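The structure file structure04.tsv is reproduced below (TSV, C-alpha atoms and all ligand atoms).
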```tsv
chain	number	residue	atom	x	y	z
A	288	MET	CA	-164.32	-23.36	-8.56
A	289	TYR	CA	-166.30	-23.04	-11.78
A	290	TYR	CA	-166.58	-20.54	-14.56
A	291	ASN	CA	-169.83	-20.61	-16.50
A	292	ILE	CA	-169.27	-20.33	-20.24
A	293	ALA	CA	-171.58	-19.28	-23.10
A	294	LEU	CA	-170.47	-20.34	-26.57
A	295	ILE	CA	-171.56	-18.04	-29.41
A	296	GLY	CA	-171.08	-19.97	-32.65
A	297	PHE	CA	-170.75	-23.72	-32.36
A	298	GLY	CA	-168.57	-24.64	-35.32
A	299	GLY	CA	-165.17	-26.31	-35.38
A	300	VAL	CA	-163.45	-24.21	-32.73
A	301	ASN	CA	-166.14	-24.09	-30.03
A	302	ARG	CA	-166.95	-27.78	-30.54
A	303	ALA	CA	-163.26	-28.52	-29.99
A	304	LEU	CA	-163.36	-26.42	-26.81
A	305	ALA	CA	-166.36	-28.41	-25.55
A	306	HIS	CA	-164.42	-31.59	-26.34
A	307	ILE	CA	-161.35	-30.40	-24.39
A	308	ILE	CA	-163.50	-29.46	-21.39
A	309	SER	CA	-165.36	-32.76	-21.35
A	310	THR	CA	-162.42	-35.08	-21.97
A	311	ASP	CA	-160.80	-35.18	-18.53
A	312	PRO	CA	-162.41	-32.73	-16.09
A	313	GLU	CA	-160.38	-34.02	-13.11
A	314	LYS	CA	-157.04	-33.48	-14.83
A	315	PHE	CA	-158.29	-30.15	-16.07
A	316	TYR	CA	-159.14	-29.01	-12.55
A	317	CYS	CA	-155.80	-30.22	-11.14
A	318	GLU	CA	-153.80	-28.39	-13.78
A	319	MET	CA	-155.81	-25.17	-13.99
A	320	GLY	CA	-157.28	-24.79	-10.51
A	321	PHE	CA	-160.75	-24.19	-11.96
A	322	ASN	CA	-163.36	-26.02	-13.94
A	323	LEU	CA	-165.52	-24.90	-16.82
A	324	ARG	CA	-169.24	-25.41	-17.14
A	325	ILE	CA	-170.88	-24.73	-20.51
A	326	VAL	CA	-174.23	-23.17	-19.71
A	327	ALA	CA	-175.25	-21.88	-23.14
A	328	VAL	CA	-174.70	-22.39	-26.85
A	329	SER	CA	-176.08	-20.21	-29.62
A	330	ASP	CA	-175.47	-20.81	-33.31
A	331	VAL	CA	-177.35	-19.55	-36.39
A	332	PHE	CA	-177.44	-23.00	-37.93
A	333	LEU	CA	-177.82	-25.30	-34.91
A	334	GLY	CA	-180.07	-23.12	-32.74
A	335	SER	CA	-179.54	-22.48	-29.04
A	336	VAL	CA	-179.71	-23.98	-25.59
A	337	TYR	CA	-179.43	-22.41	-22.14
A	338	THR	CA	-179.18	-24.56	-19.03
A	339	PRO	CA	-178.05	-22.46	-16.04
A	340	GLU	CA	-176.74	-25.47	-14.12
A	341	GLY	CA	-174.64	-26.67	-17.08
A	342	ILE	CA	-175.38	-28.49	-20.34
A	343	ASP	CA	-174.78	-32.23	-20.41
A	344	LEU	CA	-171.48	-32.36	-22.32
A	345	ALA	CA	-172.04	-35.89	-23.60
A	346	LEU	CA	-175.27	-34.73	-25.26
A	347	LEU	CA	-173.52	-31.63	-26.60
A	348	ALA	CA	-170.67	-33.70	-28.05
A	349	ALA	CA	-173.18	-35.94	-29.81
A	350	LEU	CA	-175.16	-33.01	-31.28
A	351	PRO	CA	-175.67	-33.76	-34.99
A	352	LEU	CA	-174.66	-31.20	-37.59
A	353	ALA	CA	-178.28	-30.59	-38.54
A	354	GLN	CA	-180.21	-27.34	-38.77
A	355	GLY	CA	-181.92	-26.56	-35.46
A	356	ALA	CA	-180.32	-29.59	-33.76
A	357	CYS	CA	-180.10	-27.78	-30.40
A	358	ALA	CA	-183.87	-28.24	-30.09
A	359	THR	CA	-183.22	-31.93	-29.38
A	360	LEU	CA	-181.45	-30.97	-26.11
A	361	PRO	CA	-183.31	-30.18	-22.86
A	362	ASN	CA	-184.27	-26.42	-22.97
A	363	GLY	CA	-183.09	-26.29	-26.59
A	364	LYS	CA	-184.49	-24.11	-29.40
A	365	THR	CA	-184.17	-24.16	-33.17
A	366	THR	CA	-183.19	-20.47	-33.27
A	367	ALA	CA	-180.03	-18.63	-32.22
A	368	GLU	CA	-180.61	-16.39	-29.20
A	369	ASN	CA	-177.28	-14.55	-29.13
A	370	GLU	CA	-178.38	-11.30	-27.53
A	371	ASP	CA	-180.59	-12.84	-24.87
A	372	ILE	CA	-178.00	-15.44	-23.89
A	373	ILE	CA	-175.13	-12.97	-23.83
A	374	LYS	CA	-177.01	-10.35	-21.82
A	375	ASN	CA	-179.22	-12.44	-19.58
A	376	SER	CA	-177.58	-15.83	-18.96
A	377	ASN	CA	-175.51	-16.65	-15.87
A	378	ALA	CA	-172.34	-16.96	-17.99
A	379	ASP	CA	-169.15	-15.50	-16.53
A	380	ILE	CA	-167.30	-15.79	-19.85
A	381	VAL	CA	-168.64	-15.43	-23.39
A	382	VAL	CA	-166.61	-17.23	-26.05
A	383	GLU	CA	-167.20	-15.56	-29.41
A	384	ALA	CA	-166.32	-17.92	-32.30
A	385	THR	CA	-168.69	-17.00	-35.09
A	386	VAL	CA	-167.58	-16.50	-38.67
A	387	THR	CA	-165.21	-13.56	-39.30
A	388	ASP	CA	-166.71	-10.74	-41.35
A	389	SER	CA	-163.73	-8.91	-42.81
A	390	ILE	CA	-165.82	-6.01	-44.18
A	391	THR	CA	-167.59	-4.79	-41.03
A	392	GLY	CA	-166.55	-7.09	-38.17
A	393	GLN	CA	-170.25	-7.58	-37.34
A	394	PRO	CA	-172.20	-9.15	-35.69
A	395	ALA	CA	-169.25	-10.27	-33.58
A	396	ILE	CA	-168.56	-6.68	-32.45
A	397	SER	CA	-172.08	-6.51	-30.99
A	398	HIS	CA	-171.62	-9.89	-29.30
A	399	CYS	CA	-168.47	-8.63	-27.55
A	400	ARG	CA	-170.08	-5.27	-26.73
A	401	TRP	CA	-173.15	-6.91	-25.13
A	402	ALA	CA	-170.99	-9.24	-23.08
A	403	LEU	CA	-168.50	-6.65	-21.82
A	404	SER	CA	-171.18	-4.11	-21.00
A	405	THR	CA	-173.09	-6.66	-18.91
A	406	GLY	CA	-169.95	-7.49	-16.92
A	407	LYS	CA	-168.95	-10.72	-18.68
A	408	HIS	CA	-165.41	-11.60	-19.74
A	409	VAL	CA	-164.89	-12.25	-23.46
A	410	SER	CA	-162.57	-14.58	-25.30
A	411	THR	CA	-162.77	-14.38	-29.08
A	412	THR	CA	-160.96	-16.06	-31.97
A	413	ASN	CA	-162.70	-13.77	-34.45
A	414	LYS	CA	-160.49	-11.14	-36.12
A	415	GLY	CA	-163.45	-8.87	-36.90
A	416	PRO	CA	-163.98	-7.24	-33.48
A	417	LEU	CA	-160.24	-6.63	-33.13
A	418	ALA	CA	-159.65	-5.22	-36.58
A	419	PHE	CA	-162.64	-2.87	-36.40
A	420	ALA	CA	-163.38	-2.08	-32.76
A	421	GLU	CA	-160.41	-3.02	-30.60
A	422	GLN	CA	-160.09	0.33	-28.84
A	423	GLU	CA	-163.79	0.62	-28.05
A	424	LEU	CA	-164.01	-2.96	-26.75
A	425	MET	CA	-160.84	-2.67	-24.70
A	426	ALA	CA	-162.15	0.54	-23.12
A	427	LEU	CA	-165.43	-1.22	-22.34
A	428	SER	CA	-163.59	-4.11	-20.70
A	429	LEU	CA	-161.56	-1.72	-18.53
A	430	LYS	CA	-164.64	0.26	-17.59
A	431	ASN	CA	-166.48	-2.90	-16.50
A	432	ASN	CA	-163.41	-4.57	-14.99
A	433	VAL	CA	-163.66	-7.71	-17.12
A	434	GLY	CA	-161.21	-9.40	-19.48
A	435	PHE	CA	-161.21	-9.02	-23.26
A	436	GLU	CA	-158.85	-11.70	-24.59
A	437	TYR	CA	-158.09	-12.78	-28.16
A	438	GLU	CA	-154.91	-14.84	-28.29
A	439	GLY	CA	-156.31	-17.10	-31.05
A	440	VAL	CA	-156.75	-14.44	-33.73
A	441	VAL	CA	-153.17	-14.09	-34.94
A	442	MET	CA	-151.52	-17.52	-34.80
A	443	SER	CA	-154.27	-19.73	-33.37
A	444	GLY	CA	-152.92	-21.63	-30.33
A	445	THR	CA	-149.30	-20.58	-30.81
A	446	PRO	CA	-148.86	-17.79	-28.28
A	447	VAL	CA	-147.66	-14.60	-29.92
A	448	LEU	CA	-149.82	-11.83	-28.44
A	449	ARG	CA	-149.15	-12.70	-24.83
A	450	PHE	CA	-145.59	-13.71	-25.68
A	451	ALA	CA	-144.83	-10.29	-27.10
A	452	ASP	CA	-146.92	-8.40	-24.58
A	453	LYS	CA	-145.70	-10.12	-21.44
A	454	LEU	CA	-142.43	-11.94	-22.12
A	455	LEU	CA	-140.86	-9.39	-24.47
A	456	LYS	CA	-142.16	-6.40	-22.52
A	457	GLY	CA	-139.42	-3.83	-22.04
A	458	SER	CA	-137.22	-5.30	-24.76
A	459	GLY	CA	-138.07	-2.44	-27.13
A	460	ILE	CA	-139.85	-4.25	-29.94
A	461	ASN	CA	-139.45	-2.05	-33.00
A	462	LYS	CA	-140.54	-4.43	-35.76
A	463	PHE	CA	-142.23	-7.71	-36.53
A	464	THR	CA	-142.28	-9.78	-39.69
A	465	GLY	CA	-144.53	-12.80	-40.00
A	466	ILE	CA	-145.85	-15.63	-42.08
A	467	VAL	CA	-149.33	-15.70	-40.60
A	468	ASN	CA	-151.39	-17.31	-43.32
A	469	GLY	CA	-150.84	-21.06	-43.55
A	470	THR	CA	-152.92	-21.40	-46.73
A	471	ALA	CA	-150.79	-18.98	-48.75
A	472	ASN	CA	-147.61	-20.58	-47.45
A	473	TYR	CA	-148.87	-24.08	-48.23
A	474	VAL	CA	-149.87	-23.01	-51.76
A	475	LEU	CA	-146.46	-21.42	-52.44
A	476	GLY	CA	-144.75	-24.62	-51.23
A	477	LEU	CA	-146.80	-26.76	-53.65
A	478	VAL	CA	-146.12	-24.38	-56.54
A	479	GLU	CA	-142.37	-24.74	-55.79
A	480	GLN	CA	-142.89	-28.50	-56.14
A	481	GLY	CA	-144.46	-28.12	-59.60
A	482	TYR	CA	-148.19	-27.60	-58.97
A	483	SER	CA	-150.04	-24.86	-60.82
A	484	PHE	CA	-151.53	-22.14	-58.55
A	485	VAL	CA	-155.03	-23.44	-59.33
A	486	ASP	CA	-154.16	-27.04	-58.39
A	487	ALA	CA	-152.28	-25.91	-55.27
A	488	ILE	CA	-155.33	-23.94	-54.05
A	489	THR	CA	-157.57	-26.94	-54.72
A	490	ALA	CA	-155.16	-29.13	-52.72
A	491	ALA	CA	-155.22	-26.58	-49.86
A	492	GLN	CA	-159.03	-26.72	-49.89
A	493	ARG	CA	-158.94	-30.52	-49.82
A	494	GLN	CA	-156.64	-30.39	-46.77
A	495	GLY	CA	-159.13	-28.08	-45.05
A	496	TYR	CA	-156.64	-25.15	-44.99
A	497	ALA	CA	-158.36	-22.92	-47.55
A	498	GLU	CA	-161.98	-21.73	-47.48
A	499	ALA	CA	-164.35	-22.45	-50.39
A	500	ASP	CA	-163.61	-18.81	-51.31
A	501	PRO	CA	-159.84	-18.58	-50.76
A	502	SER	CA	-159.53	-14.91	-51.77
A	503	ALA	CA	-158.90	-13.54	-48.25
A	504	ASP	CA	-155.92	-15.90	-47.94
A	505	ILE	CA	-154.55	-15.44	-51.44
A	506	GLU	CA	-155.08	-11.66	-51.66
A	507	GLY	CA	-153.50	-10.99	-48.26
A	508	LYS	CA	-156.58	-9.64	-46.48
A	509	ASP	CA	-156.39	-12.23	-43.72
A	510	VAL	CA	-152.74	-11.31	-43.11
A	511	MET	CA	-153.60	-7.61	-43.11
A	512	LEU	CA	-156.20	-8.04	-40.35
A	513	LYS	CA	-153.68	-10.02	-38.24
A	514	VAL	CA	-151.00	-7.38	-38.76
A	515	ILE	CA	-153.47	-4.72	-37.60
A	516	VAL	CA	-154.39	-6.72	-34.49
A	517	LEU	CA	-150.78	-7.41	-33.51
A	518	ALA	CA	-149.46	-3.90	-34.24
A	519	ASN	CA	-152.29	-2.24	-32.34
A	520	ARG	CA	-151.72	-4.50	-29.37
A	521	LEU	CA	-147.92	-4.05	-29.36
A	522	TRP	CA	-147.75	-0.32	-29.81
A	523	ASN	CA	-151.19	0.80	-28.65
A	524	THR	CA	-151.73	2.41	-32.03
A	525	ASN	CA	-154.81	2.59	-34.24
A	526	LEU	CA	-153.95	1.01	-37.60
A	527	THR	CA	-156.87	0.38	-39.90
A	528	GLN	CA	-157.25	-1.34	-43.25
A	529	LYS	CA	-156.90	2.05	-44.95
A	530	THR	CA	-153.44	2.54	-43.51
A	531	VAL	CA	-151.93	-0.86	-44.40
A	532	GLN	CA	-150.63	-1.52	-47.91
A	533	CYS	CA	-151.79	-4.96	-48.97
A	534	GLN	CA	-150.71	-7.18	-51.85
A	535	GLY	CA	-151.35	-10.93	-51.95
A	536	ILE	CA	-149.66	-13.71	-53.91
A	537	SER	CA	-151.87	-13.63	-57.00
A	538	ASP	CA	-149.39	-11.48	-58.96
A	539	LEU	CA	-146.68	-14.12	-58.59
A	540	THR	CA	-146.27	-16.55	-61.47
A	541	GLU	CA	-145.37	-20.23	-61.25
A	542	THR	CA	-142.11	-19.43	-63.08
A	543	MET	CA	-141.16	-16.75	-60.54
A	544	VAL	CA	-141.80	-19.12	-57.63
A	545	ARG	CA	-139.74	-21.98	-59.13
A	546	GLN	CA	-136.97	-19.69	-60.39
A	547	ALA	CA	-136.47	-18.41	-56.83
A	548	VAL	CA	-135.74	-21.94	-55.60
A	549	THR	CA	-132.95	-22.32	-58.18
A	550	GLU	CA	-131.46	-19.10	-56.75
A	551	GLY	CA	-131.56	-20.49	-53.19
A	552	CYS	CA	-134.60	-18.37	-52.26
A	553	HIS	CA	-138.27	-18.82	-51.37
A	554	TRP	CA	-141.22	-16.50	-51.99
A	555	LYS	CA	-143.20	-15.90	-48.80
A	556	LEU	CA	-146.28	-13.79	-48.08
A	557	LEU	CA	-145.10	-11.49	-45.28
A	558	GLY	CA	-147.03	-9.27	-42.91
A	559	LYS	CA	-144.84	-6.57	-41.40
A	560	ALA	CA	-145.04	-3.59	-39.13
A	561	SER	CA	-142.32	-1.34	-37.76
A	562	LYS	CA	-142.00	1.62	-35.47
A	563	GLN	CA	-140.52	4.69	-37.15
A	564	ASP	CA	-138.21	7.27	-35.52
A	565	ASP	CA	-141.14	9.67	-35.09
A	566	GLY	CA	-143.13	6.95	-33.25
A	567	SER	CA	-145.53	6.26	-36.13
A	568	ILE	CA	-146.18	2.69	-37.27
A	569	VAL	CA	-145.81	1.58	-40.87
A	570	ALA	CA	-147.38	-1.75	-41.84
A	571	SER	CA	-147.65	-3.74	-45.04
A	572	VAL	CA	-148.51	-7.11	-46.54
A	573	SER	CA	-146.66	-8.34	-49.62
A	574	PRO	CA	-144.85	-11.34	-51.08
A	575	GLU	CA	-141.07	-11.24	-50.72
A	576	LYS	CA	-138.26	-13.39	-52.03
A	577	LEU	CA	-136.25	-14.53	-48.99
A	578	SER	CA	-132.80	-16.06	-49.13
A	579	VAL	CA	-132.45	-19.36	-47.27
A	580	GLU	CA	-130.52	-17.66	-44.44
A	581	HIS	CA	-133.60	-15.63	-43.48
A	582	PRO	CA	-135.23	-17.03	-40.30
A	583	LEU	CA	-138.62	-17.26	-42.05
A	584	ALA	CA	-137.40	-18.89	-45.29
A	585	ALA	CA	-137.60	-22.42	-43.85
A	586	ILE	CA	-141.17	-22.03	-42.56
A	587	SER	CA	-143.01	-24.44	-44.80
A	588	GLY	CA	-146.49	-25.87	-45.26
A	589	ALA	CA	-149.27	-24.55	-43.06
A	590	VAL	CA	-146.91	-23.56	-40.22
A	591	ASN	CA	-146.86	-19.90	-39.15
A	592	ALA	CA	-144.04	-17.85	-37.65
A	593	ILE	CA	-143.34	-14.33	-36.49
A	594	THR	CA	-139.94	-12.72	-35.93
A	595	PHE	CA	-139.96	-9.90	-33.36
A	596	THR	CA	-137.05	-7.49	-33.63
A	597	SER	CA	-136.22	-5.61	-30.45
A	598	ASP	CA	-133.52	-3.24	-29.24
A	599	MET	CA	-132.27	-5.62	-26.58
A	600	LEU	CA	-132.65	-9.07	-28.14
A	601	GLY	CA	-132.39	-8.56	-31.88
A	602	ASP	CA	-134.53	-11.19	-33.61
A	603	VAL	CA	-136.69	-13.66	-31.68
A	604	THR	CA	-138.82	-16.00	-33.80
A	605	VAL	CA	-141.90	-17.90	-32.63
A	606	SER	CA	-143.27	-20.62	-34.87
A	607	GLY	CA	-146.07	-23.15	-34.58
A	608	PRO	CA	-149.53	-24.03	-35.84
A	609	GLY	CA	-151.46	-21.05	-37.17
A	610	ALA	CA	-154.81	-22.83	-37.50
A	611	GLY	CA	-156.70	-25.93	-36.46
A	612	ARG	CA	-159.79	-26.50	-34.35
A	613	ILE	CA	-158.07	-27.97	-31.29
A	614	GLU	CA	-155.15	-25.54	-31.58
A	615	THR	CA	-157.52	-22.57	-31.70
A	616	ALA	CA	-159.60	-23.96	-28.85
A	617	TYR	CA	-156.38	-24.10	-26.86
A	618	ALA	CA	-155.98	-20.35	-27.48
A	619	ILE	CA	-159.41	-19.85	-25.86
A	620	LEU	CA	-158.27	-21.93	-22.92
A	621	SER	CA	-155.17	-19.78	-22.58
A	622	ASP	CA	-157.45	-16.70	-22.60
A	623	ILE	CA	-159.54	-18.19	-19.82
A	624	ILE	CA	-156.39	-18.97	-17.82
A	625	ALA	CA	-155.33	-15.33	-18.24
A	626	ILE	CA	-158.77	-14.18	-17.04
A	627	HIS	CA	-158.52	-16.52	-14.04
A	628	GLN	CA	-154.98	-15.42	-13.15
A	629	ARG	CA	-155.93	-11.75	-13.29
A	630	ARG	CA	-158.95	-12.42	-11.10
A	631	GLU	CA	-156.84	-14.37	-8.59
A	632	SER	CA	-154.22	-11.66	-8.38
B	1	LIG	N1	-160.59	-22.88	-37.42
B	1	LIG	C1	-159.42	-22.29	-37.26
B	1	LIG	O1	-158.35	-22.88	-37.46
B	1	LIG	C2	-159.37	-20.86	-36.78
B	1	LIG	C3	-158.12	-20.30	-36.40
B	1	LIG	C4	-158.08	-18.99	-35.91
B	1	LIG	C5	-159.26	-18.25	-35.86
B	1	LIG	N2	-160.43	-18.80	-36.28
B	1	LIG	C6	-161.65	-17.99	-36.22
B	1	LIG	O2	-162.52	-18.54	-35.22
B	1	LIG	C7	-163.89	-18.34	-35.60
B	1	LIG	C8	-164.59	-19.69	-35.59
B	1	LIG	O3	-163.92	-20.56	-36.47
B	1	LIG	P1	-164.54	-22.01	-36.83
B	1	LIG	O4	-163.48	-22.73	-37.56
B	1	LIG	O5	-165.16	-22.60	-35.62
B	1	LIG	O6	-165.69	-21.55	-37.85
B	1	LIG	P2	-166.97	-22.41	-38.29
B	1	LIG	O7	-166.66	-23.86	-38.21
B	1	LIG	O8	-167.41	-21.82	-39.58
B	1	LIG	O9	-168.03	-22.11	-37.14
B	1	LIG	C9	-168.67	-20.90	-36.96
B	1	LIG	C10	-170.09	-21.20	-36.51
B	1	LIG	O10	-170.72	-19.98	-36.14
B	1	LIG	C11	-172.00	-19.96	-36.76
B	1	LIG	N3	-172.40	-18.56	-36.92
B	1	LIG	C12	-172.18	-17.72	-37.95
B	1	LIG	N4	-172.71	-16.50	-37.69
B	1	LIG	C13	-173.29	-16.60	-36.47
B	1	LIG	C14	-174.03	-15.69	-35.67
B	1	LIG	N5	-174.27	-14.45	-36.04
B	1	LIG	N6	-174.49	-16.14	-34.48
B	1	LIG	C15	-174.28	-17.41	-34.06
B	1	LIG	N7	-173.61	-18.32	-34.81
B	1	LIG	C16	-173.10	-17.91	-35.98
B	1	LIG	C17	-171.78	-20.65	-38.08
B	1	LIG	O11	-173.01	-21.05	-38.65
B	1	LIG	P3	-173.06	-21.11	-40.28
B	1	LIG	O12	-172.09	-22.19	-40.66
B	1	LIG	O13	-174.48	-21.42	-40.59
B	1	LIG	O14	-172.61	-19.75	-40.76
B	1	LIG	C18	-170.93	-21.84	-37.61
B	1	LIG	O15	-171.72	-22.87	-37.10
B	1	LIG	C19	-163.86	-17.68	-36.98
B	1	LIG	O16	-164.02	-16.29	-36.83
B	1	LIG	C20	-162.47	-18.00	-37.51
B	1	LIG	O17	-161.99	-17.02	-38.41
B	1	LIG	C21	-160.52	-20.10	-36.71
```

Represent the structure contained in this file as structure tokens.
Amino acid sequence: MYYNIALIGFGGVNRALAHIISTDPEKFYCEMGFNLRIVAVSDVFLGSVYTPEGIDLALLAALPLAQGACATLPNGKTTAENEDIIKNSNADIVVEATVTDSITGQPAISHCRWALSTGKHVSTTNKGPLAFAEQELMALSLKNNVGFEYEGVVMSGTPVLRFADKLLKGSGINKFTGIVNGTANYVLGLVEQGYSFVDAITAAQRQGYAEADPSADIEGKDVMLKVIVLANRLWNTNLTQKTVQCQGISDLTETMVRQAVTEGCHWKLLGKASKQDDGSIVASVSPEKLSVEHPLAAISGAVNAITFTSDMLGDVTVSGPGAGRIETAYAILSDIIAIHQRRES
């Protein structure tokens, strides 16, 4: 069987997904029990293409990174056609991987809304729709009996949402503490080694970890959005940016970071949320000095980790890659598998 896929945004993540799908379709089918056919792509820079019987993946893989390049494909256009493709194509699943807008969540919220309300499943790696409209979109997905999946938004391909939701269900999770921004963690590690903050950020940009504007990573905003997404999912609450205290790593000095190492400690940017006795959720983002015995103290470089604390298990820590094109594309694949399994059952 096939699922038809529409890709909204065709940057690093969705290109990696197209690569995964095209690499070994036979193996893919044997392992998953379904195949994927990309029927549409729409991207503000590259343009759009809709081929109901499936786009030639070899041509798609070879698409140059040039403005309007989709027009070189059969049925291609130089312009993005997000709304038309989402609402009117024969896609079963819309994969939303456009750029995250951390002020409004748009236009990704509209993309998800259009898809869910026309009966299409959604997988997104974009934090925006979750941080700003999770409840509305989840209600829409339930109303239309389609999946709304977003495993990739918190720790990329490392499964934490489904892990907590499914495998720790019933354990009584009352708290989580995480290092969920690889850039900040990488920068702190380099500063420990003697880099200045400025040089460490430049090195993170050279490695492709930090954006040209690294402020969302350094000031904790990226972590805050992930804390909101995870807390809302775990406890079905409605945290917003107004209710989460947020402090990044820019108030730390190089001396503080290196002094901590001499004391057997490491500064880490932590995102936390916990359930209070009255049922309310308190969440925060701030740098903390952890002693080496702490389960998160040894998480170094661009690796991410989250410790879930529950009544029955105490601390359970999940660590793994928190970014990367292929890793994040894997998260989309895991979303599609979840959609398939729900449909089968
Ligand atoms: N890469 C990772 O490791 C990772 C990990 C977890 C989550 N994510 C999230 O996944 C999403 C995609 O990441 P990425 O690395 O693939 O980003 P990317 O390489 O910047 O690709 C995004 C693509 O979407 C296009 N785009 C922007 N606005 C659009 C719109 N309104 N309609 C159609 N296309 C639009 C962009 O065009 P322009 O370049 O012209 O804007 C770009 O081609 C982001 O929200 C990111 O935060 C990424």

Would you place a box with edges along x, y and z of the file around all atoms of ligand LIG 1 (chain B) listed there, add 4 Å to each of its six sides, and report the centre and edge lengths in Å to one decimal, as JSON?
```
{"center_x": -166.3, "center_y": -19.2, "center_z": -37.4, "size_x": 24.4, "size_y": 17.4, "size_z": 14.7}
```

**Message:** Would you compute the distance between CA of Lys555 (chain A) and CA of Ser573 (chain A)? Give it in Å to one decimal.
**Reply:** 8.4 Å

**Item:** Residue contacts of region 409-421 of chain A (9 Å, all atoms listed in the file) excluding same-chain residues fewer than 4 positions away, as an MDAnalysis selection string
**Value:** chainID A and resid 300 379:397 399 402:403 425:426 428 433:441 443 509 512:513 515:516 519:520 525:528 615:616 618:620 622:623

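Here the question is which of A:Ala367, A:Ala358, A:Glu541, A:Ile295 gets nearest to Asp486 (chain A) using all atoms listed in the file, and that residue is A:Glu541.
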
**Request:** Compare A:Ala491, A:Ile505, A:Ile613, A:Ala584 by their minimum atom-to-atom distance to ligand LIG 1 (chain B), counting all atoms listed in the file, and give me the closest one.
**Result:** A:Ile613

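Distances from A:Thr489, A:Ser587, A:Thr470, A:Gln532 to Gly607 (chain A) were compared using all atoms listed in the file, and the smallest one belongs to A:Ser587.
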
Can you pull out the residues contacting Thr338 (chain A)? Cut-off 12 Å, using all atoms listed in the file, and skip same-chain residues under 4 positions away; I want them as an mmCIF file with C-alpha atoms, keeping the file's coordinate frame.
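Done, and the output landed in out_12.cif:
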```cif
data_model
loop_
_atom_site.group_PDB
_atom_site.id
_atom_site.type_symbol
_atom_site.label_atom_id
_atom_site.label_comp_id
_atom_site.auth_asym_id
_atom_site.auth_seq_id
_atom_site.Cartn_x
_atom_site.Cartn_y
_atom_site.Cartn_z
ATOM 1 C CA ASN A 291 -169.830 -20.610 -16.500
ATOM 2 C CA ILE A 292 -169.270 -20.330 -20.240
ATOM 3 C CA ALA A 293 -171.580 -19.280 -23.100
ATOM 4 C CA ARG A 324 -169.240 -25.410 -17.140
ATOM 5 C CA ILE A 325 -170.880 -24.730 -20.510
ATOM 6 C CA VAL A 326 -174.230 -23.170 -19.710
ATOM 7 C CA ALA A 327 -175.250 -21.880 -23.140
ATOM 8 C CA VAL A 328 -174.700 -22.390 -26.850
ATOM 9 C CA SER A 329 -176.080 -20.210 -29.620
ATOM 10 C CA ILE A 342 -175.380 -28.490 -20.340
ATOM 11 C CA ASP A 343 -174.780 -32.230 -20.410
ATOM 12 C CA LEU A 344 -171.480 -32.360 -22.320
ATOM 13 C CA LEU A 347 -173.520 -31.630 -26.600
ATOM 14 C CA CYS A 357 -180.100 -27.780 -30.400
ATOM 15 C CA LEU A 360 -181.450 -30.970 -26.110
ATOM 16 C CA PRO A 361 -183.310 -30.180 -22.860
ATOM 17 C CA ASN A 362 -184.270 -26.420 -22.970
ATOM 18 C CA GLY A 363 -183.090 -26.290 -26.590
ATOM 19 C CA LYS A 364 -184.490 -24.110 -29.400
ATOM 20 C CA ILE A 372 -178.000 -15.440 -23.890
ATOM 21 C CA SER A 376 -177.580 -15.830 -18.960
ATOM 22 C CA ASN A 377 -175.510 -16.650 -15.870
ATOM 23 C CA ALA A 378 -172.340 -16.960 -17.990
#
```

**Prompt:** What separation in Å, quoted to one decimal, exists between CA of Leu352 (chain A) and atom C9 of ligand LIG 1 (chain B)?
**Reply:** 11.9 Å

**Request:** Could you give me, as a list in words, the residues that have an atom at most 8 Å away from the point (-148.4, -8.1, -28.4) in the coordinates of the file, using all atoms listed in the file?
**Result:**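 Output: Val447, Leu448, Arg449, Phe450, Ala451, Asp452, Lys453, Leu517, Ala518, Arg520, Leu521 and Trp522 of chain A.
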
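Picture a line from atom C10 of ligand LIG 1 (chain B) to CA of Asn432 (chain A); it runs 28.0 Å.
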
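Considering the residues A:Asp311, A:Leu429, A:Arg400, A:Gly444 and counting all atoms listed in the file, Ser621 (chain A) has its shortest atom-to-atom contact with A:Gly444.
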
**Item:** Distance criterion (all atoms listed in the file): nearest to Ala589 (chain A) out of A:Val572, A:Ala348, A:Gly469, A:Gly459
**Value:**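 Result for the nearest residue to Ala589 (chain A): A:Gly469.
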
**Request:** Point out the residue among A:Ala503, A:Ile460, A:Met288, A:Leu304 with the least atom-to-atom distance to Gly535 (chain A), counting all atoms listed in the file.
**Result:** A:Ala503

**Asked** Can you list, as a ChimeraX atom specification, every protein, DNA or RNA residue that comes within 12 Å of Ser571 (chain A) when you count all atoms listed in the file, leaving out same-chain residues fewer than 3 positions away?
**Response** /A:462-465,507-508,510-515,518,526-535,556-561,568,574-575

**Message:** Quick one: residues within 7 Å of Gly355 (chain A), all atoms listed in the file, excluding same-chain residues fewer than 2 positions away - as a ChimeraX atom specification?
**Reply:** /A:332-334,353,357-358,365-366

Please, could you write that set of residues out with C-alpha atoms as a PDB file, in the coordinates of the input?
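The result, written out as result_33.pdb:
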```
ATOM      1  CA  PHE A 332    -177.440 -23.000 -37.930  1.00  0.00           C
ATOM      2  CA  LEU A 333    -177.820 -25.300 -34.910  1.00  0.00           C
ATOM      3  CA  GLY A 334    -180.070 -23.120 -32.740  1.00  0.00           C
ATOM      4  CA  ALA A 353    -178.280 -30.590 -38.540  1.00  0.00           C
ATOM      5  CA  CYS A 357    -180.100 -27.780 -30.400  1.00  0.00           C
ATOM      6  CA  ALA A 358    -183.870 -28.240 -30.090  1.00  0.00           C
ATOM      7  CA  THR A 365    -184.170 -24.160 -33.170  1.00  0.00           C
ATOM      8  CA  THR A 366    -183.190 -20.470 -33.270  1.00  0.00           C
TER       9      THR A 366
END
```

**Asked** Leaving out region 319-321 of chain A and any residue of its chain fewer than 5 positions from it, which residues lie within 12 Å of it when counting all atoms listed in the file, given as a list in words?
**Response** Met288, Tyr289, Tyr290, Asn291, Ile308, Pro312, Glu313, Lys314, Leu620, Ser621, Ile623, Ile624, Ala625, Ile626, His627, Gln628, Arg630 and Glu631 of chain A
